[in-house]
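S.K.: You'll find model.cif just under this line, and it carries mmCIF, C-alpha atoms.
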data_protein
#
loop_
_atom_site.label_atom_id
_atom_site.label_comp_id
_atom_site.auth_asym_id
_atom_site.auth_seq_id
_atom_site.Cartn_x
_atom_site.Cartn_y
_atom_site.Cartn_z
CA MET A 1 111.19 20.20 184.07
CA LYS A 2 114.85 21.15 184.15
CA GLU A 3 115.85 23.83 181.66
CA THR A 4 118.69 22.91 179.32
CA ALA A 5 121.46 25.22 178.11
CA GLN A 6 120.23 24.63 174.57
CA ASP A 7 116.72 25.84 175.43
CA THR A 8 118.14 28.95 177.12
CA ALA A 9 120.37 29.69 174.14
CA GLY A 10 117.39 29.28 171.82
CA ARG A 11 115.42 31.91 173.70
CA LEU A 12 118.33 34.29 174.20
CA GLY A 13 119.33 34.01 170.55
CA GLY A 14 115.69 34.66 169.72
CA THR A 15 114.97 35.75 166.21
CA VAL A 16 118.61 35.48 165.11
CA ILE A 17 118.79 31.72 165.68
CA SER A 18 115.30 31.09 164.32
CA ASP A 19 116.03 33.15 161.18
CA ARG A 20 119.25 31.24 160.63
CA VAL A 21 117.39 27.93 160.85
CA VAL A 22 114.72 29.22 158.42
CA THR A 23 117.43 30.13 155.90
CA GLN A 24 119.18 26.79 156.41
CA LEU A 25 115.97 24.79 155.97
CA LEU A 26 115.04 26.70 152.80
CA GLU A 27 118.46 25.95 151.32
CA GLN A 28 118.10 22.29 152.26
CA LEU A 29 114.60 22.12 150.79
CA ARG A 30 115.68 23.67 147.51
CA SER A 31 118.98 21.96 146.86
CA GLY A 32 120.15 20.07 149.96
CA ARG A 33 119.38 16.86 151.80
CA TYR A 34 115.62 17.55 152.01
CA ALA A 35 115.21 18.46 148.33
CA GLY A 36 112.59 16.29 146.70
CA LEU A 37 111.07 15.11 149.98
CA ASP A 38 107.33 15.42 150.42
CA ARG A 39 107.63 15.76 154.21
CA LEU A 40 110.26 17.03 156.61
CA PRO A 41 111.57 14.88 159.47
CA ALA A 42 109.92 15.18 162.88
CA GLU A 43 110.74 18.26 164.97
CA LEU A 44 112.94 16.31 167.40
CA ASP A 45 114.94 14.80 164.53
CA LEU A 46 115.33 18.20 162.87
CA ALA A 47 116.49 19.73 166.14
CA ALA A 48 119.16 17.03 166.53
CA GLU A 49 120.33 17.38 162.92
CA LEU A 50 120.50 21.19 163.10
CA GLY A 51 121.98 21.37 166.61
CA VAL A 52 119.26 23.61 168.04
CA SER A 53 116.38 23.19 170.48
CA ARG A 54 112.97 21.91 169.48
CA THR A 55 111.57 25.35 170.37
CA VAL A 56 113.79 26.98 167.74
CA VAL A 57 112.77 24.38 165.16
CA ARG A 58 109.10 24.95 165.96
CA ASP A 59 109.51 28.73 165.55
CA ALA A 60 111.33 28.24 162.23
CA LEU A 61 108.63 25.90 160.92
CA SER A 62 105.96 28.42 161.94
CA THR A 63 107.76 31.05 159.83
CA LEU A 64 108.02 28.66 156.88
CA GLU A 65 104.33 27.82 157.20
CA ARG A 66 103.30 31.50 157.25
CA SER A 67 105.31 31.96 154.06
CA GLY A 68 103.59 28.96 152.47
CA TYR A 69 106.67 26.78 152.03
CA VAL A 70 105.29 24.04 154.28
CA GLU A 71 101.99 23.02 155.87
CA ARG A 72 101.92 21.34 159.27
CA VAL A 73 99.10 18.80 159.30
CA ARG A 74 98.11 17.03 162.50
CA GLY A 75 98.69 13.29 162.26
CA ILE A 76 100.77 13.64 159.08
CA GLY A 77 103.62 16.02 159.83
CA THR A 78 105.29 18.90 157.98
CA VAL A 79 104.30 18.71 154.31
CA VAL A 80 106.51 20.50 151.77
CA ASN A 81 104.84 22.77 149.18
CA HIS A 82 107.18 22.39 146.21
CA ALA A 83 105.13 24.72 143.99
CA VAL A 84 105.79 27.60 146.39
CA LEU A 85 109.46 26.68 146.83
CA ASP A 86 109.99 27.24 143.10
CA LEU A 87 108.56 30.80 143.14
CA ARG A 88 111.32 33.40 142.94
CA SER A 89 109.57 36.79 142.72
CA ARG A 90 106.72 37.00 145.21
CA LEU A 91 104.90 40.26 145.74
CA ASP A 92 103.67 39.06 149.13
CA GLN A 93 107.23 39.06 150.47
CA LYS A 94 109.85 41.75 150.94
CA LEU A 95 111.34 42.61 147.55
CA GLU A 96 115.00 43.54 147.33
CA TYR A 97 115.88 44.66 143.83
CA TYR A 98 119.36 43.16 143.55
CA PRO A 99 118.67 39.60 144.85
CA LEU A 100 115.51 39.55 142.73
CA ILE A 101 117.41 40.39 139.55
CA ARG A 102 120.20 37.94 140.40
CA SER A 103 117.57 35.19 140.68
CA PHE A 104 116.99 35.71 136.94
CA GLY A 105 120.70 35.13 136.26
CA ARG A 106 121.38 38.80 135.51
CA CYS A 107 123.77 41.33 137.03
CA PRO A 108 121.99 44.22 138.84
CA HIS A 109 123.28 47.77 139.15
CA ALA A 110 121.86 51.28 139.49
CA ASP A 111 122.49 54.55 137.72
CA SER A 112 120.86 57.96 137.22
CA ILE A 113 120.71 58.44 141.00
CA ARG A 114 119.24 61.81 142.01
CA VAL A 115 118.74 63.09 145.55
CA GLU A 116 116.74 66.21 146.26
CA VAL A 117 114.88 67.84 149.14
CA THR A 118 111.28 68.81 148.52
CA ARG A 119 108.19 69.54 150.59
CA ALA A 120 105.41 67.06 151.16
CA GLY A 121 102.02 67.71 149.62
CA GLU A 122 98.89 66.73 151.52
CA GLU A 123 98.65 63.17 150.17
CA LEU A 124 102.34 62.36 150.74
CA ALA A 125 102.26 63.99 154.17
CA ARG A 126 99.23 61.94 155.17
CA SER A 127 100.90 58.68 154.11
CA LEU A 128 104.04 59.51 156.14
CA ALA A 129 102.15 60.99 159.13
CA ILE A 130 103.95 64.33 158.82
CA GLU A 131 102.73 67.89 158.39
CA PRO A 132 101.98 69.14 154.87
CA GLY A 133 104.94 71.21 153.76
CA ALA A 134 107.40 69.24 155.89
CA GLU A 135 110.71 68.52 154.17
CA VAL A 136 111.21 65.09 152.60
CA VAL A 137 114.23 63.61 150.88
CA CYS A 138 113.41 62.22 147.44
CA ILE A 139 115.75 59.54 146.05
CA ARG A 140 115.33 58.55 142.41
CA LYS A 141 117.26 55.86 140.61
CA ARG A 142 117.13 53.51 137.66
CA VAL A 143 117.95 49.84 138.20
CA LEU A 144 119.29 47.69 135.36
CA ALA A 145 119.65 43.97 134.78
CA ASP A 146 122.93 43.84 132.85
CA ALA A 147 122.29 46.67 130.35
CA GLU A 148 118.48 46.47 130.38
CA PRO A 149 116.52 49.05 132.44
CA VAL A 150 114.00 47.09 134.55
CA ILE A 151 113.01 49.23 137.58
CA TYR A 152 112.61 52.93 138.24
CA SER A 153 112.26 53.82 141.91
CA VAL A 154 111.14 57.02 143.61
CA ASN A 155 111.53 56.98 147.39
CA TYR A 156 110.40 59.63 149.88
CA LEU A 157 111.56 59.72 153.49
CA PRO A 158 111.03 62.48 156.06
CA ARG A 159 114.14 64.63 156.23
CA ALA A 160 113.83 64.64 160.03
CA LEU A 161 114.86 60.96 160.03
CA LEU A 162 118.37 62.00 158.99
CA GLY A 163 118.84 63.55 162.42
CA GLY A 164 120.44 66.71 161.10
CA GLN A 165 122.78 64.93 158.65
CA ASP A 166 123.38 66.64 155.34
CA GLU A 167 121.74 64.47 152.67
CA ARG A 168 124.48 65.57 150.27
CA ARG A 169 127.09 63.89 152.47
CA ALA A 170 125.10 60.81 153.55
CA ASP A 171 125.37 57.64 151.47
CA LEU A 172 121.89 57.30 149.99
CA THR A 173 122.89 55.22 146.97
CA GLY A 174 122.32 51.69 148.34
CA SER A 175 119.19 49.69 149.03
CA ILE A 176 116.56 52.01 150.49
CA PHE A 177 116.10 49.57 153.40
CA ASP A 178 119.85 49.78 154.08
CA VAL A 179 119.65 53.58 153.91
CA LEU A 180 116.85 53.60 156.48
CA GLU A 181 118.72 51.25 158.80
CA LYS A 182 122.28 52.59 158.48
CA VAL A 183 121.65 56.30 157.94
CA CYS A 184 118.34 56.83 159.74
CA GLY A 185 118.45 54.08 162.38
CA GLN A 186 115.03 52.78 161.27
CA GLN A 187 114.17 49.17 160.46
CA VAL A 188 111.16 48.36 158.30
CA SER A 189 109.06 45.46 159.54
CA SER A 190 105.99 45.72 157.29
CA THR A 191 104.63 47.50 154.25
CA VAL A 192 101.21 48.31 152.87
CA ALA A 193 101.32 48.12 149.09
CA HIS A 194 98.96 49.14 146.31
CA ILE A 195 99.54 47.49 142.94
CA LYS A 196 98.37 49.02 139.70
CA ALA A 197 99.20 49.45 136.05
CA ALA A 198 100.76 52.84 135.38
CA CYS A 199 101.72 55.02 132.46
CA PRO A 200 104.69 56.94 133.89
CA ASP A 201 105.64 60.48 132.97
CA GLU A 202 107.88 61.26 130.03
CA ALA A 203 111.07 61.47 132.11
CA ILE A 204 110.60 57.93 133.43
CA ARG A 205 109.53 56.64 130.00
CA THR A 206 112.69 58.01 128.44
CA ALA A 207 114.94 56.66 131.21
CA MET A 208 113.34 53.20 130.93
CA GLN A 209 113.42 53.18 127.11
CA LEU A 210 109.74 52.27 126.87
CA ASP A 211 107.81 51.87 123.65
CA ALA A 212 104.91 54.21 122.96
CA GLY A 213 101.88 53.20 125.04
CA GLU A 214 103.82 50.63 127.08
CA ALA A 215 102.62 50.47 130.70
CA MET A 216 104.57 49.53 133.82
CA LEU A 217 103.60 47.79 137.04
CA LEU A 218 103.58 50.31 139.90
CA LEU A 219 104.13 49.07 143.45
CA ASP A 220 103.15 51.98 145.71
CA GLU A 221 104.21 51.18 149.27
CA VAL A 222 104.21 52.79 152.67
CA CYS A 223 106.78 51.15 154.93
CA TYR A 224 106.39 50.88 158.70
CA THR A 225 108.61 50.12 161.69
CA ARG A 226 107.64 47.65 164.43
CA LEU A 227 106.14 50.61 166.29
CA CYS A 228 103.75 51.02 163.33
CA ARG A 229 105.38 54.31 162.38
CA PRO A 230 105.53 55.14 158.64
CA VAL A 231 109.09 55.98 157.58
CA LEU A 232 109.09 55.60 153.80
CA ARG A 233 106.86 56.05 150.75
CA ALA A 234 108.26 53.97 147.91
CA LEU A 235 107.09 54.06 144.30
CA SER A 236 108.63 51.24 142.25
CA TYR A 237 107.91 51.00 138.52
CA TYR A 238 108.62 47.56 137.03
CA THR A 239 108.91 46.61 133.36
CA ASN A 240 107.61 43.32 131.98
CA PHE A 241 111.07 41.84 132.59
CA PHE A 242 109.50 40.47 135.78
CA ASP A 243 106.88 37.79 136.26
CA PHE A 244 105.50 38.26 139.77
CA SER A 245 103.46 35.84 141.86
CA ILE A 246 101.36 36.13 145.01
CA LEU A 247 100.65 33.33 147.46
CA ARG A 248 97.11 33.48 148.84
CA LYS A 249 96.60 31.23 151.86
CA LEU A 250 92.93 30.40 152.35
CA LEU A 251 93.18 28.43 155.61
#
Output the file's structure as structure tokens, nothing else.
M.R.:
Amino acid sequence: MKETAQDTAGRLGGTVISDRVVTQLLEQLRSGRYAGLDRLPAELDLAAELGVSRTVVRDALSTLERSGYVERVRGIGTVVNHAVLDLRSRLDQKLEYYPLIRSFGRCPHADSIRVEVTRAGEELARSLAIEPGAEVVCIRKRVLADAEPVIYSVNYLPRALLGGQDERRADLTGSIFDVLEKVCGQQVSSTVAHIKAACPDEAIRTAMQLDAGEAMLLLDEVCYTRLCRPVLRALSYYTNFFDFSILRKLL
């Protein structure tokens, strides 16, 4: 079979093209021409409408299916899961503080940012695959929705990832994933998270303006690159401002 320029472009563009189509399809499913439909058009029709190859469409649909937005059923087609489309704060997906807060119609911003260098104890060192006593950069900040404190984050990354940069001069105030990518040259591809109720220490309780005895949801994550190398330990304390959901696919 003769290879078309469109097929070649789809492969060469790789993840970039497929990711763009995923984003485009999600927008169309939520508020565009496919909103309200129970099934998506056939792959060939989608490819023609989106101006990409069928291979790219198939890859995008596979991504949407893994995320639970659609189910591809033999003999029926691509079925849309509207219940999952309406979920806005899923713990089984990558959580970015600012987009998450914006989805609630609130304005996000951070304050009380503190950066310090400390040494890893045995448990932290084990989670980051470094030697006990190795230097780590600790970044603490409070995140607000408008004027309401909603998240307190404590992030630890090996100081060696800074490549000799002075942490006092590096911009460590943005999203921790942006810090890892722009400052450390590391891209997170997966995380292992433990979720538990937590009663934080007095400093966090004061910063978050908690009532006596009020617990928070702690998301304790170790973040890994595509080479399965741990590069970040992230402790995120959430108030009951959030209502999280988890999609559990059984088949």
S.K.: Name all residues at most 12 Å from Glu214 (chain A) (count all atoms listed in the file; drop same-chain ones fewer than 2 positions away) and give them as a ChimeraX atom specification.
M.R.: /A:197-202,204-206,208-212,216-217,238-240
S.K.: Find, counting all atoms listed in the file, the residue in A:Gln93, A:Asp86, A:Arg54, A:Arg20 that gets nearest to Ser67 (chain A).
M.R.: A:Gln93
S.K.: Taking all atoms listed in the file into account, which of A:Tyr98, A:Glu135, A:Glu181, A:Val115 comes nearest Arg169 (chain A)?
M.R.: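 Among the listed residues, the smallest separation from Arg169 (chain A) belongs to A:Val115.
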S.K.: Using Å and a single decimal, report how far CA of His109 (chain A) sits from CA of Ile176 (chain A).
M.R.: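 Going from CA of Ile176 (chain A) over to CA of His109 (chain A) covers 13.8 Å.
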S.K.: Measuring atom to atom with all atoms listed in the file, identify which of A:Arg33, A:His82, A:Arg39, A:Arg233 is nearest to Tyr156 (chain A).
M.R.: A:Arg233
S.K.: Given the file shown, enumerate the residues that the PyMOL selection byres ((chain A and resi 138) around 12) captures and present them as number ranges by chain.
M.R.: A: 113-120, 124, 135-137, 139-141, 153-159, 167-168, 172-173, 176, 232-235
S.K.: Put those residues in a file: C-alpha atoms, as a PDB file, in the coordinates of the input.
M.R.:
ATOM      1  CA  ILE A 113     120.710  58.440 141.000  1.00  0.00           C
ATOM      2  CA  ARG A 114     119.240  61.810 142.010  1.00  0.00           C
ATOM      3  CA  VAL A 115     118.740  63.090 145.550  1.00  0.00           C
ATOM      4  CA  GLU A 116     116.740  66.210 146.260  1.00  0.00           C
ATOM      5  CA  VAL A 117     114.880  67.840 149.140  1.00  0.00           C
ATOM      6  CA  THR A 118     111.280  68.810 148.520  1.00  0.00           C
ATOM      7  CA  ARG A 119     108.190  69.540 150.590  1.00  0.00           C
ATOM      8  CA  ALA A 120     105.410  67.060 151.160  1.00  0.00           C
ATOM      9  CA  LEU A 124     102.340  62.360 150.740  1.00  0.00           C
ATOM     10  CA  GLU A 135     110.710  68.520 154.170  1.00  0.00           C
ATOM     11  CA  VAL A 136     111.210  65.090 152.600  1.00  0.00           C
ATOM     12  CA  VAL A 137     114.230  63.610 150.880  1.00  0.00           C
ATOM     13  CA  ILE A 139     115.750  59.540 146.050  1.00  0.00           C
ATOM     14  CA  ARG A 140     115.330  58.550 142.410  1.00  0.00           C
ATOM     15  CA  LYS A 141     117.260  55.860 140.610  1.00  0.00           C
ATOM     16  CA  SER A 153     112.260  53.820 141.910  1.00  0.00           C
ATOM     17  CA  VAL A 154     111.140  57.020 143.610  1.00  0.00           C
ATOM     18  CA  ASN A 155     111.530  56.980 147.390  1.00  0.00           C
ATOM     19  CA  TYR A 156     110.400  59.630 149.880  1.00  0.00           C
ATOM     20  CA  LEU A 157     111.560  59.720 153.490  1.00  0.00           C
ATOM     21  CA  PRO A 158     111.030  62.480 156.060  1.00  0.00           C
ATOM     22  CA  ARG A 159     114.140  64.630 156.230  1.00  0.00           C
ATOM     23  CA  GLU A 167     121.740  64.470 152.670  1.00  0.00           C
ATOM     24  CA  ARG A 168     124.480  65.570 150.270  1.00  0.00           C
ATOM     25  CA  LEU A 172     121.890  57.300 149.990  1.00  0.00           C
ATOM     26  CA  THR A 173     122.890  55.220 146.970  1.00  0.00           C
ATOM     27  CA  ILE A 176     116.560  52.010 150.490  1.00  0.00           C
ATOM     28  CA  LEU A 232     109.090  55.600 153.800  1.00  0.00           C
ATOM     29  CA  ARG A 233     106.860  56.050 150.750  1.00  0.00           C
ATOM     30  CA  ALA A 234     108.260  53.970 147.910  1.00  0.00           C
ATOM     31  CA  LEU A 235     107.090  54.060 144.300  1.00  0.00           C
TER      32      LEU A 235
END
S.K.: Which is closest to Ile195 (chain A) among A:Tyr152, A:Tyr237, A:Tyr224, A:Phe177, if we use only C-alpha atoms?
M.R.: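 Among the listed residues, A:Tyr237 lies closest to Ile195 (chain A).
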S.K.: If the PyMOL selection byres ((chain A and resi 110) around 6) were run on this exact file, what residues would it hold? Put them as a CSV table (one decimal) with C-alpha atoms, in the coordinates of the input.
M.R.:
chain,number,residue,atom,x,y,z
A,109,HIS,CA,123.3,47.8,139.2
A,111,ASP,CA,122.5,54.6,137.7
A,142,ARG,CA,117.1,53.5,137.7
A,143,VAL,CA,118.0,49.8,138.2
S.K.: Which residues, written as a PDB file with C-alpha atoms, in the coordinates of the input, have at least one atom at most 10 Å from Ala42 (chain A), with all atoms listed in the file counted and residues fewer than 6 positions away on the same chain left out?
M.R.:
ATOM      1  CA  ARG A  54     112.970  21.910 169.480  1.00  0.00           C
ATOM      2  CA  VAL A  57     112.770  24.380 165.160  1.00  0.00           C
ATOM      3  CA  GLY A  77     103.620  16.020 159.830  1.00  0.00           C
ATOM      4  CA  THR A  78     105.290  18.900 157.980  1.00  0.00           C
TER       5      THR A  78
END
S.K.: With the file shown as input, list the residues that the PyMOL selection byres ((chain A and resi 24) around 12) selects, as a PyMOL selection string.
M.R.: chain A and resi 17-23+25-34+46+49-51+57+60-61+64
S.K.: Just give me the gap between CA of Val80 (chain A) and CA of Arg66 (chain A) in Å, one decimal is fine.
M.R.: 12.7 Å
S.K.: Write out as an mmCIF file with C-alpha atoms, in the frame of the given file each polymer residue whose atoms come within 10 Å of region 227-231 of chain A, counting all atoms listed in the file; drop sequence neighbours fewer than 2 positions from it.
M.R.:
data_model
loop_
_atom_site.group_PDB
_atom_site.id
_atom_site.type_symbol
_atom_site.label_atom_id
_atom_site.label_comp_id
_atom_site.auth_asym_id
_atom_site.auth_seq_id
_atom_site.Cartn_x
_atom_site.Cartn_y
_atom_site.Cartn_z
ATOM 1 C CA ARG A 126 99.230 61.940 155.170
ATOM 2 C CA SER A 127 100.900 58.680 154.110
ATOM 3 C CA LEU A 128 104.040 59.510 156.140
ATOM 4 C CA ALA A 129 102.150 60.990 159.130
ATOM 5 C CA ILE A 130 103.950 64.330 158.820
ATOM 6 C CA TYR A 156 110.400 59.630 149.880
ATOM 7 C CA LEU A 157 111.560 59.720 153.490
ATOM 8 C CA PRO A 158 111.030 62.480 156.060
ATOM 9 C CA LEU A 161 114.860 60.960 160.030
ATOM 10 C CA LEU A 180 116.850 53.600 156.480
ATOM 11 C CA CYS A 184 118.340 56.830 159.740
ATOM 12 C CA GLN A 186 115.030 52.780 161.270
ATOM 13 C CA GLN A 187 114.170 49.170 160.460
ATOM 14 C CA VAL A 188 111.160 48.360 158.300
ATOM 15 C CA SER A 189 109.060 45.460 159.540
ATOM 16 C CA SER A 190 105.990 45.720 157.290
ATOM 17 C CA THR A 191 104.630 47.500 154.250
ATOM 18 C CA VAL A 192 101.210 48.310 152.870
ATOM 19 C CA VAL A 222 104.210 52.790 152.670
ATOM 20 C CA CYS A 223 106.780 51.150 154.930
ATOM 21 C CA TYR A 224 106.390 50.880 158.700
ATOM 22 C CA THR A 225 108.610 50.120 161.690
ATOM 23 C CA ARG A 233 106.860 56.050 150.750
ATOM 24 C CA ALA A 234 108.260 53.970 147.910
#
S.K.: Determine, counting all atoms listed in the file, which protein, DNA and RNA residues have an atom within 8 Å of an atom of Leu100 (chain A); residues of the same chain fewer than 5 positions away are not included. Present the result as a list in words.
M.R.: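 Here the qualifying residues turn out to be Arg88, Ser89 and Leu95 of chain A.
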S.K.: Pick out the closest residue to Asp166 (chain A) from this set: A:Glu221, A:Leu144, A:Pro99, A:Val183. Count all atoms listed in the file.
M.R.: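 Residue with the minimum atom-to-atom distance to Asp166 (chain A): A:Val183.
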S.K.: So which one's closest to Cys107 (chain A), A:Ile246, A:Ala145, A:Leu40, A:Ala35? Using all atoms listed in the file, please.
M.R.: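 Looking only at the distances to Cys107 (chain A), the closest residue turns out to be A:Ala145.
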S.K.: Taking all atoms of region 144-150 of chain A that the file lists and extending 6 Å past them on each side, where is the centre of the axis-aligned box and how long are its edges? Answer in Å to one decimal, as lines of an AutoDock Vina configuration file.
M.R.:
center_x = 118.5
center_y = 46.4
center_z = 132.9
size_x = 20.9
size_y = 17.2
size_z = 17.0
S.K.: Between CA of Pro149 (chain A) and CA of Pro108 (chain A), measure the distance and give it in Å to one decimal.
M.R.: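 Computed distance, CA of Pro149 (chain A) to CA of Pro108 (chain A), equals 9.7 Å.
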S.K.: Complete the atoms of region 43-70 of chain A to N, CA and C atoms and put them out as a tab-separated table (two decimals), in the frame of the given file.
M.R.:
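Below is the file part-v9.tsv, written as the result:
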chain	number	residue	atom	x	y	z
A	43	GLU	N	110.08	17.12	164.34
A	43	GLU	CA	110.74	18.26	164.97
A	43	GLU	C	111.95	17.84	165.79
A	44	LEU	N	111.82	16.76	166.56
A	44	LEU	CA	112.94	16.31	167.40
A	44	LEU	C	114.13	15.89	166.54
A	45	ASP	N	113.86	15.22	165.43
A	45	ASP	CA	114.94	14.80	164.53
A	45	ASP	C	115.60	16.01	163.87
A	46	LEU	N	114.78	16.99	163.45
A	46	LEU	CA	115.33	18.20	162.87
A	46	LEU	C	116.20	18.95	163.87
A	47	ALA	N	115.73	19.04	165.11
A	47	ALA	CA	116.49	19.73	166.14
A	47	ALA	C	117.85	19.08	166.34
A	48	ALA	N	117.88	17.74	166.36
A	48	ALA	CA	119.16	17.03	166.53
A	48	ALA	C	120.08	17.25	165.33
A	49	GLU	N	119.51	17.21	164.13
A	49	GLU	CA	120.33	17.38	162.92
A	49	GLU	C	120.89	18.80	162.81
A	50	LEU	N	120.08	19.80	163.24
A	50	LEU	CA	120.50	21.19	163.10
A	50	LEU	C	121.24	21.72	164.32
A	51	GLY	N	121.26	20.95	165.40
A	51	GLY	CA	121.98	21.37	166.61
A	51	GLY	C	121.33	22.52	167.35
A	52	VAL	N	119.99	22.56	167.33
A	52	VAL	CA	119.26	23.61	168.04
A	52	VAL	C	118.15	22.95	168.87
A	53	SER	N	117.46	23.74	169.66
A	53	SER	CA	116.38	23.19	170.48
A	53	SER	C	115.13	22.96	169.63
A	54	ARG	N	114.24	22.16	170.17
A	54	ARG	CA	112.97	21.91	169.48
A	54	ARG	C	112.15	23.19	169.39
A	55	THR	N	112.29	24.07	170.39
A	55	THR	CA	111.57	25.35	170.37
A	55	THR	C	111.99	26.19	169.16
A	56	VAL	N	113.29	26.22	168.89
A	56	VAL	CA	113.79	26.98	167.74
A	56	VAL	C	113.27	26.38	166.44
A	57	VAL	N	113.29	25.05	166.36
A	57	VAL	CA	112.77	24.38	165.16
A	57	VAL	C	111.28	24.70	164.97
A	58	ARG	N	110.53	24.67	166.05
A	58	ARG	CA	109.10	24.95	165.96
A	58	ARG	C	108.85	26.38	165.48
A	59	ASP	N	109.64	27.34	165.99
A	59	ASP	CA	109.51	28.73	165.55
A	59	ASP	C	109.85	28.87	164.06
A	60	ALA	N	110.91	28.18	163.63
A	60	ALA	CA	111.33	28.24	162.23
A	60	ALA	C	110.26	27.65	161.32
A	61	LEU	N	109.68	26.52	161.73
A	61	LEU	CA	108.63	25.90	160.92
A	61	LEU	C	107.38	26.78	160.86
A	62	SER	N	107.08	27.49	161.95
A	62	SER	CA	105.96	28.42	161.94
A	62	SER	C	106.18	29.52	160.90
A	63	THR	N	107.43	30.03	160.83
A	63	THR	CA	107.76	31.05	159.83
A	63	THR	C	107.62	30.49	158.42
A	64	LEU	N	108.12	29.28	158.20
A	64	LEU	CA	108.02	28.66	156.88
A	64	LEU	C	106.56	28.41	156.50
A	65	GLU	N	105.74	28.06	157.49
A	65	GLU	CA	104.33	27.82	157.20
A	65	GLU	C	103.62	29.12	156.85
A	66	ARG	N	103.92	30.20	157.58
A	66	ARG	CA	103.30	31.50	157.25
A	66	ARG	C	103.66	31.95	155.85
A	67	SER	N	104.86	31.58	155.41
A	67	SER	CA	105.31	31.96	154.06
A	67	SER	C	104.82	30.99	153.00
A	68	GLY	N	104.17	29.89	153.43
A	68	GLY	CA	103.59	28.96	152.47
A	68	GLY	C	104.50	27.86	151.98
A	69	TYR	N	105.74	27.80	152.51
A	69	TYR	CA	106.67	26.78	152.03
A	69	TYR	C	106.33	25.39	152.55
A	70	VAL	N	105.70	25.32	153.71
A	70	VAL	CA	105.29	24.04	154.28
A	70	VAL	C	103.90	24.19	154.88
